[in-house]
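Report on the structure given below.
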Amino acid sequence: MLNDPEPYESSIADLKILEEEIFPINTAFQKVFGTDKELKLNSIRLAIGSNYNDYVSIGENDLIKFDVKPTLSGLMNFIKENKESILGFLDCEYISEEGNVIYLNCGKKNLSENIYSIKLLILASMQQRGFFLQQEHKYYGLQLYIIIESRNANDIKLFELLKELNIDWELIFFRRKLAIHDWTEIECEKNSENLKSFLRAKFETLNYFDVNNILRLIIKNQLPFKVANKMGSLLYRMKNERAIRFQDKKFQESPYQEDQIQQDEYSITLKKAEVAAAAKLACTYLGIKKKIKFDRDISNDEILKYEEELTNM
């Protein structure tokens, strides 16, 4: 041996995995994006020989030397022409930071205005190795990943590709939405700074003082994230509706003050009684029965007045 061995065992995957799982994806990909769009072959290592104890391996760079186009289509044609001598495909990359062994890596960038890239990976995860050993009584279990980077989740081409692959995109988006919501809730309840950032980003008309007053009330009464989110939604609508009424009035006086009106909408700070009214309504709406403690300088009459305004929006 001329150098130190890699820190994993060598293993061979069956060619049927490529034929039955990967090449149909390539066909669907080209059907949606066009035959001129090719998934670039980044990493692969084929075992060529007479048996598993007598073979040599060739990688993607070796295929180029044999005039094989470095794409998934090129690989597919090469395998069809040389199937009798190809035993399978081997581990070709080891990602030490993640403990992943890569068997295939291919992808394409800048597919459309919305889709940045699509990548296909076949890997054996060290984290999943114990699971496969326990459930399947195998040392390795290969996993296929289709990784899509997109600016817009509602891209038509993306839906077409998922449809061609017989993937239930509605279920995926539903599960993704739930996962993001759960993650957001956990992070915001764990750290008030995260909650502050969430409110400022989601409800852009709530200014620094509005958000701080919401946070003070949430922390003082130990209210959950969903109450803060509902409060933000109610107060955001209140500010917007007031701004629309104000805008209609001002527009009649001068039709050139729209930018100034939008600035005023942000700069005017909500009263603490308005924040308190939103908290009471949010708890009622969410079925949270809790007596909320307010600052002493807030009168019940004011809270009731703003509760009525928020209710009638």
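Note on naming: chains are A, B, ... as they come in the structure tokens, residues start from 1 per chain, ligands start from 1 in the order shown.
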Quiz item: Neighbours of Leu171 (chain A) within 12 Å (only C-alpha atoms; same-chain residues fewer than 6 positions away dropped), as an NGL selection string?
Solution: :A and (162 or 177-178)
Exercise. Just the strand (DSSP E) stuff from region 100-293 of chain A, please, per backbone DSSP, written as a list in words.
Key: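 Matching residues, listed in order: Asn100, Val101, Ile102, Tyr103, Leu104, Asn105, Cys106, Gly107, Lys108, Lys109, Ile115, Tyr116, Ser117, Ile118, Lys119, Leu120, Leu121, Ile122, Leu123, Ala124, Ser125, Gln143, Leu144, Tyr145, Ile146, Ile147, Ile148, Glu149 and Ser150 of chain A.
Between Thr311 (chain A) and the candidates A:Cys188, A:Ala277, A:Leu133, A:Ile58, the tightest atom-to-atom separation, counting only C-alpha atoms, involves A:Ala277.
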Quiz item: Do you know which residues are at most 12 Å from Trp169 (chain A) counting only C-alpha atoms, after dropping those on the same chain fewer than 3 positions away, and could you put them as a list in words?
Solution: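 Counting only the stated atoms, we get Ala153, Asn154, Asp155, Ile156, Leu158, Phe159, Glu160, Leu161, Leu162, Lys163, Glu164, Leu165, Asn166, Ile172, Phe173, Phe174, Arg175 and Arg176 of chain A.
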Atoms to include: N, CA and C atoms. Write the selected residues as an mmCIF file, in the first residue's frame.
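Final output, out_12.cif:
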data_model
loop_
_atom_site.group_PDB
_atom_site.id
_atom_site.type_symbol
_atom_site.label_atom_id
_atom_site.label_comp_id
_atom_site.auth_asym_id
_atom_site.auth_seq_id
_atom_site.Cartn_x
_atom_site.Cartn_y
_atom_site.Cartn_z
ATOM 1 N N ALA A 153 -41.177 27.972 -3.612
ATOM 2 C CA ALA A 153 -41.638 26.589 -3.409
ATOM 3 C C ALA A 153 -42.776 26.207 -4.353
ATOM 4 N N ASN A 154 -43.423 27.198 -4.985
ATOM 5 C CA ASN A 154 -44.560 26.922 -5.862
ATOM 6 C C ASN A 154 -44.175 26.939 -7.341
ATOM 7 N N ASP A 155 -42.916 26.658 -7.634
ATOM 8 C CA ASP A 155 -42.453 26.674 -9.018
ATOM 9 C C ASP A 155 -43.145 25.570 -9.834
ATOM 10 N N ILE A 156 -43.626 25.926 -11.026
ATOM 11 C CA ILE A 156 -44.376 24.977 -11.871
ATOM 12 C C ILE A 156 -43.501 23.802 -12.277
ATOM 13 N N LEU A 158 -40.994 22.585 -10.725
ATOM 14 C CA LEU A 158 -40.770 21.742 -9.548
ATOM 15 C C LEU A 158 -41.941 20.781 -9.354
ATOM 16 N N PHE A 159 -43.162 21.288 -9.493
ATOM 17 C CA PHE A 159 -44.348 20.440 -9.371
ATOM 18 C C PHE A 159 -44.381 19.376 -10.474
ATOM 19 N N GLU A 160 -43.984 19.770 -11.682
ATOM 20 C CA GLU A 160 -43.964 18.816 -12.794
ATOM 21 C C GLU A 160 -42.988 17.682 -12.516
ATOM 22 N N LEU A 161 -41.811 18.020 -11.989
ATOM 23 C CA LEU A 161 -40.808 16.996 -11.688
ATOM 24 C C LEU A 161 -41.301 16.045 -10.609
ATOM 25 N N LEU A 162 -41.870 16.584 -9.534
ATOM 26 C CA LEU A 162 -42.389 15.733 -8.464
ATOM 27 C C LEU A 162 -43.507 14.824 -8.975
ATOM 28 N N LYS A 163 -44.324 15.350 -9.879
ATOM 29 C CA LYS A 163 -45.403 14.544 -10.452
ATOM 30 C C LYS A 163 -44.834 13.402 -11.279
ATOM 31 N N GLU A 164 -43.792 13.688 -12.074
ATOM 32 C CA GLU A 164 -43.153 12.648 -12.892
ATOM 33 C C GLU A 164 -42.524 11.566 -12.024
ATOM 34 N N LEU A 165 -42.080 11.937 -10.823
ATOM 35 C CA LEU A 165 -41.445 10.981 -9.918
ATOM 36 C C LEU A 165 -42.456 10.281 -9.013
ATOM 37 N N ASN A 166 -43.759 10.571 -9.240
ATOM 38 C CA ASN A 166 -44.839 9.985 -8.420
ATOM 39 C C ASN A 166 -44.671 10.309 -6.943
ATOM 40 N N ILE A 172 -45.706 16.392 1.193
ATOM 41 C CA ILE A 172 -44.389 16.939 1.524
ATOM 42 C C ILE A 172 -44.509 18.363 2.047
ATOM 43 N N PHE A 173 -45.273 19.194 1.336
ATOM 44 C CA PHE A 173 -45.407 20.591 1.756
ATOM 45 C C PHE A 173 -46.156 20.704 3.073
ATOM 46 N N PHE A 174 -47.124 19.821 3.298
ATOM 47 C CA PHE A 174 -47.858 19.831 4.564
ATOM 48 C C PHE A 174 -46.926 19.479 5.723
ATOM 49 N N ARG A 175 -46.113 18.425 5.548
ATOM 50 C CA ARG A 175 -45.187 18.018 6.597
ATOM 51 C C ARG A 175 -44.108 19.075 6.814
ATOM 52 N N ARG A 176 -43.667 19.708 5.720
ATOM 53 C CA ARG A 176 -42.652 20.754 5.833
ATOM 54 C C ARG A 176 -43.193 21.950 6.624
#
Quiz item: Could you state the separation of CA of Met313 (chain A) and CA of Met238 (chain A) in Å, given to one decimal place?
Solution: 7.3 Å
Practice problem: Might you pull out every residue within 10 Å of region 291-302 of chain A, with only C-alpha atoms counted and same-chain residues fewer than 5 positions away left off, and present them as a PyMOL selection string? | Solution: chain A and resi 216-218+220-223+271-277+279-280+283+307
Could you write those residues out with N, CA, C and O atoms, as a tab-separated table (two decimals), in the first residue's frame?
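Saved to again33.tsv:
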chain	number	residue	atom	x	y	z
A	216	ARG	N	-42.69	42.00	26.92
A	216	ARG	CA	-42.81	42.23	28.37
A	216	ARG	C	-44.04	41.53	28.92
A	216	ARG	O	-43.99	40.88	29.98
A	217	LEU	N	-45.16	41.66	28.20
A	217	LEU	CA	-46.40	41.04	28.66
A	217	LEU	C	-46.32	39.51	28.59
A	217	LEU	O	-46.79	38.82	29.49
A	218	ILE	N	-45.74	38.99	27.52
A	218	ILE	CA	-45.60	37.54	27.35
A	218	ILE	C	-44.73	36.95	28.46
A	218	ILE	O	-45.08	35.93	29.09
A	220	LYS	N	-43.91	38.34	31.40
A	220	LYS	CA	-44.49	38.59	32.73
A	220	LYS	C	-45.55	37.55	33.07
A	220	LYS	O	-45.67	37.10	34.23
A	221	ASN	N	-46.34	37.13	32.07
A	221	ASN	CA	-47.44	36.18	32.31
A	221	ASN	C	-47.11	34.75	31.88
A	221	ASN	O	-47.96	33.88	31.96
A	222	GLN	N	-45.86	34.56	31.39
A	222	GLN	CA	-45.40	33.23	30.95
A	222	GLN	C	-46.39	32.61	29.95
A	222	GLN	O	-46.82	31.46	30.09
A	223	LEU	N	-46.71	33.39	28.93
A	223	LEU	CA	-47.64	32.95	27.90
A	223	LEU	C	-46.87	32.24	26.77
A	223	LEU	O	-45.72	32.59	26.49
A	271	LYS	N	-50.37	51.82	22.08
A	271	LYS	CA	-50.49	52.02	23.52
A	271	LYS	C	-50.42	50.68	24.24
A	271	LYS	O	-50.75	49.64	23.68
A	272	LYS	N	-50.00	50.72	25.51
A	272	LYS	CA	-49.91	49.49	26.29
A	272	LYS	C	-51.29	48.86	26.47
A	272	LYS	O	-51.41	47.63	26.55
A	273	ALA	N	-52.33	49.68	26.52
A	273	ALA	CA	-53.69	49.16	26.65
A	273	ALA	C	-54.10	48.38	25.39
A	273	ALA	O	-54.84	47.40	25.48
A	274	GLU	N	-53.62	48.82	24.23
A	274	GLU	CA	-53.91	48.11	22.98
A	274	GLU	C	-53.23	46.74	22.96
A	274	GLU	O	-53.80	45.74	22.52
A	275	VAL	N	-51.99	46.70	23.45
A	275	VAL	CA	-51.26	45.43	23.55
A	275	VAL	C	-51.95	44.49	24.54
A	275	VAL	O	-52.10	43.29	24.28
A	276	ALA	N	-52.42	45.06	25.66
A	276	ALA	CA	-53.12	44.26	26.67
A	276	ALA	C	-54.42	43.69	26.12
A	276	ALA	O	-54.77	42.52	26.36
A	277	ALA	N	-55.14	44.50	25.35
A	277	ALA	CA	-56.40	44.04	24.74
A	277	ALA	C	-56.14	42.90	23.76
A	277	ALA	O	-56.89	41.91	23.71
A	279	ALA	N	-53.70	40.78	23.95
A	279	ALA	CA	-53.34	39.60	24.75
A	279	ALA	C	-54.59	38.89	25.26
A	279	ALA	O	-54.70	37.66	25.19
A	280	LYS	N	-55.57	39.65	25.73
A	280	LYS	CA	-56.80	39.05	26.25
A	280	LYS	C	-57.57	38.35	25.12
A	280	LYS	O	-58.06	37.23	25.30
A	283	CYS	N	-55.75	35.07	24.01
A	283	CYS	CA	-55.97	33.97	24.95
A	283	CYS	C	-57.37	33.40	24.82
A	283	CYS	O	-57.56	32.17	24.86
A	307	GLU	N	-60.41	46.23	22.93
A	307	GLU	CA	-60.88	44.87	22.65
A	307	GLU	C	-62.03	44.91	21.63
A	307	GLU	O	-62.10	44.09	20.72
Practice problem: Work out how far CA of Thr284 (chain A) is from CA of Ala243 (chain A), in Å to one decimal. | Solution: 26.2 Å
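Shortest separation to Ile79 (chain A) among A:Ala228, A:Tyr55, A:Leu111, A:Leu15 occurs at residue A:Leu15, atoms counted being only C-alpha atoms.
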Quiz item: Glu98 (chain A): which residues within 10 Å, counting only C-alpha atoms, same-chain residues fewer than 4 positions away excluded, as a ChimeraX atom specification?
Solution: /A:94,125-127
Any chance you could export the current selection's N, CA, C and O atoms as a CSV table (one decimal), in the first residue's frame?
chain,number,residue,atom,x,y,z
A,94,TYR,N,-15.8,10.0,1.3
A,94,TYR,CA,-16.1,9.9,2.8
A,94,TYR,C,-16.1,11.3,3.3
A,94,TYR,O,-15.1,12.1,3.3
A,125,SER,N,-25.3,6.5,5.7
A,125,SER,CA,-25.1,7.4,6.8
A,125,SER,C,-24.7,6.6,8.0
A,125,SER,O,-25.2,5.6,8.4
A,126,MET,N,-23.6,7.1,8.7
A,126,MET,CA,-23.1,6.4,9.9
A,126,MET,C,-24.2,6.4,11.0
A,126,MET,O,-24.3,5.5,11.8
A,127,GLN,N,-25.0,7.5,11.0
A,127,GLN,CA,-26.0,7.6,12.0
A,127,GLN,C,-27.1,6.6,11.8
A,127,GLN,O,-27.7,6.1,12.8
Practice problem: Enumerate as an MDAnalysis selection string all residues of region 81-135 of chain A assigned to helix (DSSP H, G or I) by DSSP on the backbone, naming them with the chain letters and numbers the document uses. | Solution: chainID A and resid 81 83:85 126:135
Quiz prompt | From A:Glu187, A:Asp182, A:Met76, A:Ser43, residue lying nearest Asp62 (chain A) [only C-alpha atoms] | solution =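 Checking each of A:Glu187, A:Asp182, A:Met76, A:Ser43 against Asp62 (chain A), counting only C-alpha atoms, the winner is A:Ser43.
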Quiz item: Taking into account only C-alpha atoms, which residue in the set A:Lys119, A:Glu20, A:Asp67, A:Glu113 is nearest to Glu38 (chain A)?
Solution: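 Closest candidate: A:Lys119.
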Practice problem: Would you mind reading off the distance between CA of Phe225 (chain A) and CA of Arg151 (chain A), one decimal, in Å? | Solution: 27.7 Å
Quiz prompt | Residue nearest Tyr116 (chain A) - candidates A:Asn100, A:Ile147, A:Gln135, A:Tyr306, atoms counted: only C-alpha atoms | solution = A:Ile147
Quiz item: Which residue gives the smallest distance to Ala47 (chain A) among A:Glu309, A:Glu136, A:Glu81, A:Asp91, with only C-alpha atoms counted?
Solution: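 Using only C-alpha atoms, the shortest distance to Ala47 (chain A) belongs to A:Asp91.
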